[in-house]
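For reference, the structure discussed in these notes is given below.
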2 protein chains.
Amino acid sequence: MKLITRNTDYAVRALCYLAGQGSAAVSVTELVARLRIPRPFLRKLLQTLGGEGILRSTKGQGGGFSLAKSPENIRLTDLIRIFQGGIQLNECIFKRKICPNRATCVLKREIDGIEQSALQRLEKVSIALLIRKGRHHDQ
Amino acid sequence: MKLITRNTDYAVRALCYLAGQGSAAVSVTELVARLRIPRPFLRKLLQTLGGEGILRSTKGQGGGFSLAKSPENIRLTDLIRIFQGGIQLNECIFKRKICPNRATCVLKREIDGIEQSALQRLEKVSIALLIRKGRHHDQ
DNA sequence: ACAAATGATACCAATTCAGTATCATTAAAC
DNA sequence: GTTTAATGATACTGAATTGGTATCATTTGT
């Protein structure tokens with residue numbers, strides 16, 4: 001069970017790199033060279049981010065991708081929602097039927113609580129934050 | 001992405017029921033009637049719990065399953081470990097290689113933190129707790 | 001001996017995840 | 001205006017996980 005999938009992870013890398021390039025259009029070719037992410041996979045991923053309004057894209061020679069929003073306004077929860085259909089740690093197995101066991105409802109509330117606190121923390125993680133904290137280290 | 005799978009959920013239900021029956025051997029037939037869990041699935045699950053030392057089993061006519069540990073000592077984290085291979089929200093994609101991006105390491109630490117707090121909370125949820133809290137409600 | 005129970009194990013279908021492949025379209029550069 | 005470098009759209013594939021089924025062997029009380 002993973003909290004973030006490879007899609008989300010790769011997206012974070014790409015977005016951090018793009019954030020460092022300002023509004024210049026960066027091609028997939030350049031991103032592949034820098035990030036070592038499989039090219040077709042990265043392409044699909046960037047197209048998705050384009051469709052979601054997180055990236056701007058320009059076609060044709062010299063084209064590429066750039067951020068459509070400020071790094072402060074791109075949050076991990078956005079990416080998780082896009083690539084993983086959101087966070088839902090919980091899922092009641094008896095949807096409309098009567099739950100035959102009170103204890104499982106208690107369990108459900110516990111897990112809801114965990115989910116809430118995870119969401120709150122992920123909400124605070126933006127691309128801007130990741131870049132900022134990353135700079136504190138050497139390299 | 002689910003924090004607990006159906007296996008774990010079903011196990012919780014079965015364990016709560018068994019906890020209410022003391023040290024008496026309860027057959028799969030009885031559990032199926034009470035919990036409405038598919039019989040072969042429940043069987044396999046109980047056998048697994050037996051092998052893990054959480055249930056005691058007696059074969060032959062009149063046999064069945066009973067708790068091998070006190071309800072206080074059966075924790076959600078145990079079940080998650082058994083059925084879901086533990087909690088690992090995180091997974092570094094570049095195992096031995098050099099990570100080309102500092103930001104992703106920052107991300108990794110954030111997720112580690114979330115994982116830690118989730119684990120701490122799950123660790124406190126025992127079968128005993130679930131029964132206790134469940135009783136506060138009507139039924 | 002029979003019936004009722006678990007032990008062990010193999011199998012199957014649906015879903016998700018990670019990744020590939022291809023054709024169409026756009027637009028700068030020559 | 002042709003070439004070339006780029007994205008848009010979309011279909012496909014393989015592996016792993018999840019949820020569930022089926023079967024045969026073994027044990028044990030009656």
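Identifiers for the structure tokens are assigned positionally: chains receive A, B, ... in sequence, residues are indexed from 1 per chain, and ligands are indexed from 1 in the order shown.
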Could you work out which residues of chain B fall inside 8 Å of chain A? Count only C-alpha atoms, and format the result as an MDAnalysis selection string.
chainID B and resid 1:4 6 9 12:13 16 35 84 87:91 93 100:107 111 114 118 121 130:131 133:135 137
Would you list, as a compact mmCIF listing (two decimals) with C-alpha atoms, in the first residue's frame, the residues of region 1-53 of chain B that end up in alpha helix (DSSP H) under DSSP run on this structure's backbone?
# COMPACT_ATOMS: atom_id res chain seq x y z
CA ARG B 6 -11.01 -6.57 2.96
CA ASN B 7 -8.94 -9.32 4.52
CA THR B 8 -8.08 -7.10 7.45
CA ASP B 9 -11.60 -5.80 7.75
CA TYR B 10 -13.09 -9.29 7.80
CA ALA B 11 -10.46 -10.40 10.28
CA VAL B 12 -11.48 -7.61 12.63
CA ARG B 13 -15.11 -8.70 12.50
CA ALA B 14 -14.28 -12.33 13.09
CA LEU B 15 -11.92 -11.54 15.94
CA CYS B 16 -14.46 -9.29 17.63
CA TYR B 17 -17.02 -12.05 17.47
CA LEU B 18 -14.59 -14.65 18.76
CA ALA B 19 -13.58 -12.36 21.59
CA VAL B 28 -16.53 -21.37 10.44
CA THR B 29 -20.15 -22.31 9.87
CA GLU B 30 -21.23 -20.25 12.84
CA LEU B 31 -19.04 -17.32 11.86
CA VAL B 32 -20.38 -17.32 8.32
CA ALA B 33 -23.93 -17.25 9.65
CA ARG B 34 -23.16 -14.29 11.91
CA LEU B 35 -20.85 -12.23 9.78
CA ARG B 39 -17.13 -18.99 3.50
CA PRO B 40 -13.97 -20.06 1.59
CA PHE B 41 -12.51 -16.60 1.99
CA LEU B 42 -13.15 -16.60 5.71
CA ARG B 43 -11.66 -20.06 6.06
CA LYS B 44 -8.42 -19.09 4.41
CA LEU B 45 -8.20 -15.96 6.49
CA LEU B 46 -8.74 -17.82 9.76
CA GLN B 47 -6.16 -20.41 8.83
CA THR B 48 -3.70 -17.61 8.25
CA LEU B 49 -4.48 -16.10 11.65
CA GLY B 50 -3.98 -19.57 13.15
CA GLY B 51 -0.56 -19.89 11.57
Compute the chain A side of the contact with chain D at 8 Å, counting only C-alpha atoms (C1' of nucleotides), and hand it back as a PDB file with C-alpha atoms, in the first residue's frame.
ATOM      1  CA  SER A  27      10.595  19.986 -23.944  1.00  0.00           C
ATOM      2  CA  GLN A  47      -0.273  15.759 -20.975  1.00  0.00           C
ATOM      3  CA  SER A  57       1.896  23.601 -23.287  1.00  0.00           C
ATOM      4  CA  THR A  58       3.011  24.900 -26.657  1.00  0.00           C
ATOM      5  CA  LYS A  59       3.170  22.700 -29.690  1.00  0.00           C
ATOM      6  CA  GLY A  60       5.585  22.728 -32.570  1.00  0.00           C
ATOM      7  CA  GLN A  61       9.294  23.148 -32.744  1.00  0.00           C
ATOM      8  CA  GLY A  62      10.707  24.893 -29.719  1.00  0.00           C
ATOM      9  CA  GLY A  63       7.562  24.056 -27.805  1.00  0.00           C
ATOM     10  CA  GLY A  64       7.221  22.292 -24.504  1.00  0.00           C
TER      11      GLY A  64
END
Report the closest atom pair, with its distance in Å rounded to one decimal, for each residue of chain C that has an atom no farther than 7 Å from chain A; count only C-alpha atoms (C1' of nucleotides), sort by chain and then rising residue number, and write it as JSON lines.
{"residue": "C:DG19", "atom": "C1'", "partner": "A:Phe41", "partner_atom": "CA", "distance": 6.2}
{"residue": "C:DT20", "atom": "C1'", "partner": "A:Pro40", "partner_atom": "CA", "distance": 6.9}
{"residue": "C:DT26", "atom": "C1'", "partner": "A:Gly60", "partner_atom": "CA", "distance": 5.3}
{"residue": "C:DA27", "atom": "C1'", "partner": "A:Gly60", "partner_atom": "CA", "distance": 4.3}
{"residue": "C:DA28", "atom": "C1'", "partner": "A:Gln61", "partner_atom": "CA", "distance": 5.3}
Using only C-alpha atoms (C1' of nucleotides), please write the residues we just selected to a file, as a short mmCIF file (atom, residue, chain, number, x, y, z; two decimals), in the first residue's frame.
data_model
loop_
_atom_site.label_atom_id
_atom_site.label_comp_id
_atom_site.auth_asym_id
_atom_site.auth_seq_id
_atom_site.Cartn_x
_atom_site.Cartn_y
_atom_site.Cartn_z
"C1'" DG C 19 5.14 1.49 -19.17
"C1'" DT C 20 4.98 1.24 -24.53
"C1'" DT C 26 0.83 22.07 -34.72
"C1'" DA C 27 4.39 25.45 -35.72
"C1'" DA C 28 9.16 27.14 -36.15
#
LSQ fit chain B -> chain A, C-alpha in sequence order, output as a short mmCIF file (atom, residue, chain, number, x, y, z; two decimals) with N, CA and C atoms, in the first residue's frame:
data_model
loop_
_atom_site.label_atom_id
_atom_site.label_comp_id
_atom_site.auth_asym_id
_atom_site.auth_seq_id
_atom_site.Cartn_x
_atom_site.Cartn_y
_atom_site.Cartn_z
N MET B 1 0.87 -1.19 0.17
CA MET B 1 0.05 0.01 0.07
C MET B 1 0.93 1.25 0.06
N LYS B 2 0.82 2.00 -0.99
CA LYS B 2 1.66 3.19 -1.10
C LYS B 2 0.81 4.45 -1.06
N LEU B 3 1.33 5.45 -0.41
CA LEU B 3 0.58 6.69 -0.31
C LEU B 3 0.69 7.46 -1.62
N ILE B 4 1.86 7.45 -2.22
CA ILE B 4 1.96 8.06 -3.54
C ILE B 4 2.50 7.05 -4.54
N THR B 5 2.00 7.12 -5.74
CA THR B 5 2.43 6.19 -6.79
C THR B 5 3.54 6.84 -7.61
N ARG B 6 4.04 6.07 -8.54
CA ARG B 6 5.15 6.53 -9.35
C ARG B 6 4.76 7.75 -10.19
N ASN B 7 3.56 7.71 -10.71
CA ASN B 7 3.03 8.86 -11.44
C ASN B 7 3.19 10.15 -10.63
N THR B 8 2.73 10.12 -9.42
CA THR B 8 2.79 11.31 -8.57
C THR B 8 4.23 11.69 -8.28
N ASP B 9 5.04 10.69 -8.00
CA ASP B 9 6.44 10.95 -7.70
C ASP B 9 7.14 11.60 -8.90
N TYR B 10 6.95 11.03 -10.05
CA TYR B 10 7.55 11.59 -11.26
C TYR B 10 7.03 13.01 -11.51
N ALA B 11 5.75 13.20 -11.29
CA ALA B 11 5.17 14.52 -11.51
C ALA B 11 5.85 15.55 -10.61
N VAL B 12 6.09 15.17 -9.38
CA VAL B 12 6.77 16.09 -8.45
C VAL B 12 8.13 16.48 -9.00
N ARG B 13 8.89 15.52 -9.46
CA ARG B 13 10.21 15.81 -10.00
C ARG B 13 10.14 16.76 -11.17
N ALA B 14 9.23 16.43 -12.09
CA ALA B 14 9.11 17.26 -13.30
C ALA B 14 8.67 18.67 -12.93
N LEU B 15 7.73 18.78 -12.02
CA LEU B 15 7.23 20.10 -11.65
C LEU B 15 8.30 20.93 -10.95
N CYS B 16 9.10 20.27 -10.12
CA CYS B 16 10.18 21.00 -9.45
C CYS B 16 11.17 21.52 -10.48
N TYR B 17 11.47 20.70 -11.46
CA TYR B 17 12.41 21.16 -12.49
C TYR B 17 11.81 22.32 -13.29
N LEU B 18 10.57 22.18 -13.67
CA LEU B 18 9.91 23.24 -14.44
C LEU B 18 9.83 24.53 -13.64
N ALA B 19 9.60 24.39 -12.35
CA ALA B 19 9.52 25.59 -11.51
C ALA B 19 10.83 26.37 -11.57
N GLY B 20 11.93 25.66 -11.72
CA GLY B 20 13.24 26.31 -11.78
C GLY B 20 13.52 26.98 -13.12
N GLN B 21 12.69 26.71 -14.11
CA GLN B 21 12.92 27.27 -15.44
C GLN B 21 11.97 28.42 -15.78
N GLY B 22 11.30 28.90 -14.78
CA GLY B 22 10.41 30.04 -14.99
C GLY B 22 9.32 29.72 -15.99
N SER B 23 9.06 30.66 -16.89
CA SER B 23 7.95 30.47 -17.83
C SER B 23 8.44 29.92 -19.18
N ALA B 24 9.71 29.56 -19.25
CA ALA B 24 10.24 29.00 -20.50
C ALA B 24 9.61 27.65 -20.79
N ALA B 25 9.35 27.38 -22.07
CA ALA B 25 8.82 26.08 -22.45
C ALA B 25 9.95 25.06 -22.44
N VAL B 26 9.75 24.00 -21.70
CA VAL B 26 10.77 22.95 -21.59
C VAL B 26 10.24 21.70 -22.29
N SER B 27 11.03 21.15 -23.18
CA SER B 27 10.56 19.99 -23.94
C SER B 27 10.71 18.70 -23.13
N VAL B 28 9.95 17.72 -23.55
CA VAL B 28 10.05 16.40 -22.90
C VAL B 28 11.46 15.87 -23.04
N THR B 29 12.08 16.13 -24.18
CA THR B 29 13.45 15.67 -24.39
C THR B 29 14.39 16.18 -23.30
N GLU B 30 14.26 17.44 -22.98
CA GLU B 30 15.11 17.99 -21.93
C GLU B 30 14.79 17.37 -20.58
N LEU B 31 13.52 17.22 -20.28
CA LEU B 31 13.12 16.65 -19.00
C LEU B 31 13.62 15.22 -18.87
N VAL B 32 13.52 14.46 -19.94
CA VAL B 32 13.98 13.07 -19.89
C VAL B 32 15.47 13.03 -19.58
N ALA B 33 16.23 13.94 -20.22
CA ALA B 33 17.67 13.97 -20.00
C ALA B 33 18.00 14.29 -18.55
N ARG B 34 17.23 15.18 -17.95
CA ARG B 34 17.51 15.60 -16.58
C ARG B 34 17.01 14.62 -15.54
N LEU B 35 15.84 14.06 -15.77
CA LEU B 35 15.16 13.33 -14.71
C LEU B 35 15.23 11.82 -14.85
N ARG B 36 15.63 11.37 -16.02
CA ARG B 36 15.75 9.92 -16.24
C ARG B 36 14.44 9.18 -15.97
N ILE B 37 13.39 9.73 -16.50
CA ILE B 37 12.08 9.09 -16.41
C ILE B 37 11.78 8.57 -17.80
N PRO B 38 11.23 7.35 -17.93
CA PRO B 38 10.92 6.79 -19.24
C PRO B 38 10.10 7.79 -20.07
N ARG B 39 10.56 8.04 -21.26
CA ARG B 39 9.98 9.09 -22.07
C ARG B 39 8.48 8.99 -22.32
N PRO B 40 7.96 7.85 -22.80
CA PRO B 40 6.51 7.81 -23.09
C PRO B 40 5.67 7.98 -21.83
N PHE B 41 6.20 7.48 -20.73
CA PHE B 41 5.48 7.60 -19.47
C PHE B 41 5.42 9.06 -19.04
N LEU B 42 6.54 9.73 -19.16
CA LEU B 42 6.59 11.14 -18.79
C LEU B 42 5.67 11.97 -19.70
N ARG B 43 5.67 11.65 -20.96
CA ARG B 43 4.81 12.39 -21.89
C ARG B 43 3.35 12.32 -21.47
N LYS B 44 2.92 11.10 -21.22
CA LYS B 44 1.50 10.92 -20.87
C LYS B 44 1.16 11.70 -19.61
N LEU B 45 2.05 11.63 -18.68
CA LEU B 45 1.88 12.28 -17.39
C LEU B 45 1.79 13.81 -17.56
N LEU B 46 2.66 14.35 -18.39
CA LEU B 46 2.64 15.80 -18.60
C LEU B 46 1.37 16.23 -19.34
N GLN B 47 0.95 15.42 -20.27
CA GLN B 47 -0.29 15.73 -20.97
C GLN B 47 -1.46 15.78 -19.99
N THR B 48 -1.45 14.84 -19.07
CA THR B 48 -2.50 14.83 -18.06
C THR B 48 -2.46 16.11 -17.23
N LEU B 49 -1.26 16.49 -16.80
CA LEU B 49 -1.13 17.72 -16.00
C LEU B 49 -1.57 18.93 -16.82
N GLY B 50 -1.32 18.89 -18.14
CA GLY B 50 -1.79 19.98 -19.00
C GLY B 50 -3.31 20.05 -18.99
N GLY B 51 -3.94 18.91 -19.18
CA GLY B 51 -5.40 18.88 -19.19
C GLY B 51 -6.01 19.32 -17.88
N GLU B 52 -5.26 19.17 -16.79
CA GLU B 52 -5.77 19.53 -15.47
C GLU B 52 -5.47 20.98 -15.11
N GLY B 53 -4.83 21.69 -16.05
CA GLY B 53 -4.58 23.11 -15.80
C GLY B 53 -3.38 23.40 -14.93
N ILE B 54 -2.55 22.41 -14.73
CA ILE B 54 -1.37 22.63 -13.90
C ILE B 54 -0.18 23.02 -14.77
N LEU B 55 -0.18 22.51 -16.00
CA LEU B 55 0.86 22.91 -16.95
C LEU B 55 0.24 23.62 -18.14
N ARG B 56 1.06 24.49 -18.73
CA ARG B 56 0.70 25.11 -19.99
C ARG B 56 1.57 24.44 -21.04
N SER B 57 1.04 24.23 -22.23
CA SER B 57 1.86 23.58 -23.24
C SER B 57 1.83 24.37 -24.55
N THR B 58 2.95 24.31 -25.26
CA THR B 58 2.98 24.91 -26.60
C THR B 58 3.49 23.84 -27.55
N LYS B 59 2.77 23.69 -28.64
CA LYS B 59 3.11 22.67 -29.62
C LYS B 59 4.14 23.21 -30.61
N GLY B 60 4.57 22.33 -31.48
CA GLY B 60 5.49 22.74 -32.55
C GLY B 60 6.92 22.89 -32.08
N GLN B 61 7.79 23.10 -33.03
CA GLN B 61 9.21 23.21 -32.74
C GLN B 61 9.48 24.30 -31.70
N GLY B 62 10.34 23.98 -30.76
CA GLY B 62 10.63 24.94 -29.70
C GLY B 62 9.57 24.97 -28.62
N GLY B 63 8.58 24.11 -28.76
CA GLY B 63 7.51 24.08 -27.77
C GLY B 63 7.90 23.26 -26.55
N GLY B 64 6.92 23.08 -25.68
CA GLY B 64 7.19 22.30 -24.47
C GLY B 64 6.20 22.65 -23.38
N PHE B 65 6.61 22.40 -22.17
CA PHE B 65 5.71 22.61 -21.02
C PHE B 65 6.26 23.65 -20.06
N SER B 66 5.36 24.38 -19.44
CA SER B 66 5.77 25.26 -18.34
C SER B 66 4.62 25.30 -17.33
N LEU B 67 4.93 25.77 -16.13
CA LEU B 67 3.91 25.80 -15.09
C LEU B 67 2.79 26.78 -15.44
N ALA B 68 1.57 26.37 -15.19
CA ALA B 68 0.43 27.25 -15.44
C ALA B 68 -0.02 27.91 -14.14
N LYS B 69 0.54 27.45 -13.03
CA LYS B 69 0.19 28.03 -11.72
C LYS B 69 1.47 28.28 -10.96
N SER B 70 1.41 29.08 -9.94
CA SER B 70 2.61 29.32 -9.15
C SER B 70 2.91 28.07 -8.32
N PRO B 71 4.19 27.81 -8.06
CA PRO B 71 4.58 26.62 -7.30
C PRO B 71 3.89 26.54 -5.93
N GLU B 72 3.54 27.69 -5.37
CA GLU B 72 2.84 27.67 -4.08
C GLU B 72 1.46 27.03 -4.21
N ASN B 73 0.90 27.14 -5.39
CA ASN B 73 -0.48 26.68 -5.58
C ASN B 73 -0.59 25.30 -6.21
N ILE B 74 0.53 24.60 -6.28
CA ILE B 74 0.47 23.22 -6.73
C ILE B 74 0.80 22.34 -5.52
N ARG B 75 -0.20 21.65 -5.07
CA ARG B 75 -0.04 20.89 -3.83
C ARG B 75 -0.04 19.40 -4.11
N LEU B 76 0.58 18.69 -3.21
CA LEU B 76 0.65 17.24 -3.33
C LEU B 76 -0.75 16.63 -3.43
N THR B 77 -1.68 17.19 -2.70
CA THR B 77 -3.04 16.65 -2.76
C THR B 77 -3.64 16.78 -4.16
N ASP B 78 -3.25 17.84 -4.87
CA ASP B 78 -3.74 17.97 -6.25
C ASP B 78 -3.24 16.80 -7.09
N LEU B 79 -1.96 16.51 -6.96
CA LEU B 79 -1.36 15.45 -7.77
C LEU B 79 -1.94 14.09 -7.41
N ILE B 80 -2.13 13.89 -6.13
CA ILE B 80 -2.69 12.62 -5.69
C ILE B 80 -4.12 12.47 -6.22
N ARG B 81 -4.84 13.55 -6.19
CA ARG B 81 -6.21 13.50 -6.71
C ARG B 81 -6.21 13.15 -8.20
N ILE B 82 -5.30 13.80 -8.95
CA ILE B 82 -5.25 13.60 -10.39
C ILE B 82 -4.81 12.18 -10.75
N PHE B 83 -3.75 11.73 -10.14
CA PHE B 83 -3.17 10.45 -10.57
C PHE B 83 -3.69 9.24 -9.80
N GLN B 84 -4.24 9.48 -8.64
CA GLN B 84 -4.62 8.35 -7.82
C GLN B 84 -6.08 8.42 -7.39
N GLY B 85 -6.81 9.32 -8.01
CA GLY B 85 -8.22 9.41 -7.68
C GLY B 85 -8.48 9.86 -6.25
N GLY B 86 -7.56 10.63 -5.71
CA GLY B 86 -7.77 11.14 -4.36
C GLY B 86 -7.34 10.17 -3.29
N ILE B 87 -7.45 10.62 -2.08
CA ILE B 87 -7.08 9.78 -0.94
C ILE B 87 -8.34 9.26 -0.31
N GLN B 88 -8.46 7.99 -0.29
CA GLN B 88 -9.59 7.41 0.42
C GLN B 88 -9.11 6.15 1.10
N LEU B 89 -8.57 6.36 2.28
CA LEU B 89 -7.98 5.24 3.02
C LEU B 89 -9.08 4.28 3.45
N ASN B 90 -10.27 4.79 3.45
CA ASN B 90 -11.38 4.08 4.02
C ASN B 90 -12.35 3.69 2.92
N GLU B 91 -13.15 2.71 3.18
CA GLU B 91 -14.18 2.35 2.22
C GLU B 91 -15.11 1.38 2.90
N CYS B 92 -16.32 1.82 3.10
CA CYS B 92 -17.25 0.94 3.80
C CYS B 92 -17.66 -0.18 2.88
N ILE B 93 -17.59 -1.37 3.38
CA ILE B 93 -17.84 -2.53 2.55
C ILE B 93 -19.34 -2.78 2.38
N PHE B 94 -20.09 -2.44 3.40
CA PHE B 94 -21.54 -2.55 3.27
C PHE B 94 -22.10 -1.17 2.95
N LYS B 95 -22.27 -0.91 1.67
CA LYS B 95 -22.60 0.45 1.25
C LYS B 95 -23.98 0.88 1.78
N ARG B 96 -25.00 0.23 1.27
CA ARG B 96 -26.34 0.65 1.63
C ARG B 96 -26.97 -0.27 2.68
N LYS B 97 -26.36 -1.43 2.79
CA LYS B 97 -26.94 -2.40 3.72
C LYS B 97 -26.61 -2.04 5.16
N ILE B 98 -27.28 -2.73 6.02
CA ILE B 98 -27.03 -2.51 7.44
C ILE B 98 -25.69 -3.16 7.81
N CYS B 99 -24.89 -2.41 8.50
CA CYS B 99 -23.60 -2.95 8.93
C CYS B 99 -23.83 -3.88 10.11
N PRO B 100 -23.41 -5.14 9.97
CA PRO B 100 -23.75 -6.12 10.99
C PRO B 100 -22.86 -6.04 12.22
N ASN B 101 -21.97 -5.08 12.26
CA ASN B 101 -20.99 -5.10 13.32
C ASN B 101 -20.61 -3.69 13.72
N ARG B 102 -20.95 -3.35 14.94
CA ARG B 102 -20.67 -2.00 15.41
C ARG B 102 -19.17 -1.71 15.45
N ALA B 103 -18.41 -2.71 15.79
CA ALA B 103 -16.97 -2.49 15.95
C ALA B 103 -16.35 -1.97 14.67
N THR B 104 -16.84 -2.46 13.53
CA THR B 104 -16.23 -2.02 12.28
C THR B 104 -16.51 -0.55 12.01
N CYS B 105 -17.63 -0.05 12.56
CA CYS B 105 -17.91 1.37 12.40
C CYS B 105 -16.95 2.18 13.26
N VAL B 106 -16.62 1.66 14.42
CA VAL B 106 -15.62 2.31 15.25
C VAL B 106 -14.30 2.35 14.49
N LEU B 107 -13.97 1.23 13.91
CA LEU B 107 -12.76 1.15 13.11
C LEU B 107 -12.77 2.18 11.99
N LYS B 108 -13.90 2.28 11.35
CA LYS B 108 -14.05 3.24 10.27
C LYS B 108 -13.74 4.66 10.74
N ARG B 109 -14.25 4.99 11.91
CA ARG B 109 -14.00 6.34 12.42
C ARG B 109 -12.52 6.56 12.71
N GLU B 110 -11.88 5.55 13.24
CA GLU B 110 -10.44 5.67 13.51
C GLU B 110 -9.68 5.96 12.22
N ILE B 111 -10.04 5.22 11.20
CA ILE B 111 -9.33 5.38 9.94
C ILE B 111 -9.64 6.72 9.30
N ASP B 112 -10.88 7.16 9.47
CA ASP B 112 -11.22 8.50 8.98
C ASP B 112 -10.33 9.54 9.64
N GLY B 113 -10.09 9.37 10.92
CA GLY B 113 -9.25 10.32 11.64
C GLY B 113 -7.83 10.33 11.09
N ILE B 114 -7.31 9.15 10.84
CA ILE B 114 -5.96 9.05 10.29
C ILE B 114 -5.91 9.71 8.92
N GLU B 115 -6.95 9.45 8.14
CA GLU B 115 -7.01 10.05 6.81
C GLU B 115 -7.02 11.57 6.88
N GLN B 116 -7.81 12.10 7.79
CA GLN B 116 -7.89 13.55 7.93
C GLN B 116 -6.53 14.16 8.24
N SER B 117 -5.82 13.54 9.17
CA SER B 117 -4.53 14.15 9.54
C SER B 117 -3.53 14.00 8.42
N ALA B 118 -3.60 12.90 7.68
CA ALA B 118 -2.70 12.73 6.55
C ALA B 118 -2.99 13.80 5.49
N LEU B 119 -4.27 14.02 5.23
CA LEU B 119 -4.65 15.03 4.25
C LEU B 119 -4.17 16.41 4.64
N GLN B 120 -4.35 16.73 5.92
CA GLN B 120 -3.92 18.06 6.38
C GLN B 120 -2.43 18.26 6.15
N ARG B 121 -1.67 17.22 6.38
CA ARG B 121 -0.23 17.37 6.20
C ARG B 121 0.13 17.45 4.72
N LEU B 122 -0.52 16.63 3.92
CA LEU B 122 -0.21 16.64 2.49
C LEU B 122 -0.63 17.95 1.83
N GLU B 123 -1.68 18.52 2.36
CA GLU B 123 -2.20 19.77 1.82
C GLU B 123 -1.15 20.88 1.91
N LYS B 124 -0.32 20.78 2.92
CA LYS B 124 0.69 21.83 3.15
C LYS B 124 1.92 21.67 2.28
N VAL B 125 2.04 20.51 1.65
CA VAL B 125 3.23 20.26 0.84
C VAL B 125 2.99 20.75 -0.59
N SER B 126 3.60 21.87 -0.92
CA SER B 126 3.49 22.40 -2.28
C SER B 126 4.82 22.22 -3.00
N ILE B 127 4.79 22.41 -4.30
CA ILE B 127 6.03 22.37 -5.07
C ILE B 127 7.00 23.42 -4.54
N ALA B 128 6.47 24.58 -4.19
CA ALA B 128 7.33 25.65 -3.66
C ALA B 128 8.05 25.17 -2.40
N LEU B 129 7.32 24.52 -1.52
CA LEU B 129 7.93 24.02 -0.28
C LEU B 129 9.03 23.01 -0.57
N LEU B 130 8.76 22.11 -1.49
CA LEU B 130 9.74 21.07 -1.79
C LEU B 130 11.04 21.67 -2.33
N ILE B 131 10.90 22.67 -3.17
CA ILE B 131 12.10 23.32 -3.70
C ILE B 131 12.85 24.05 -2.59
N ARG B 132 12.09 24.77 -1.78
CA ARG B 132 12.69 25.56 -0.70
C ARG B 132 13.47 24.66 0.24
N LYS B 133 12.82 23.61 0.70
CA LYS B 133 13.49 22.72 1.65
C LYS B 133 14.65 21.99 1.00
N GLY B 134 14.48 21.67 -0.27
CA GLY B 134 15.54 20.96 -0.97
C GLY B 134 16.82 21.79 -1.04
N ARG B 135 16.65 23.10 -1.10
CA ARG B 135 17.83 23.97 -1.23
C ARG B 135 18.66 24.04 0.04
N HIS B 136 18.07 23.72 1.17
CA HIS B 136 18.84 23.78 2.42
C HIS B 136 20.01 22.81 2.41
N HIS B 137 19.92 21.80 1.58
CA HIS B 137 20.97 20.79 1.55
C HIS B 137 22.01 21.12 0.50
N ASP B 138 23.17 20.49 0.65
CA ASP B 138 24.22 20.70 -0.35
C ASP B 138 23.73 20.22 -1.71
N GLN B 139 24.38 20.63 -2.71
CA GLN B 139 24.06 20.44 -4.15
C GLN B 139 23.19 21.55 -4.65
#
Write out as a VMD selection string all residues of chain A that DSSP puts in strand (DSSP E or B) for this structure's backbone.
chain A and resid 26 55 to 58 64 to 67 75 126
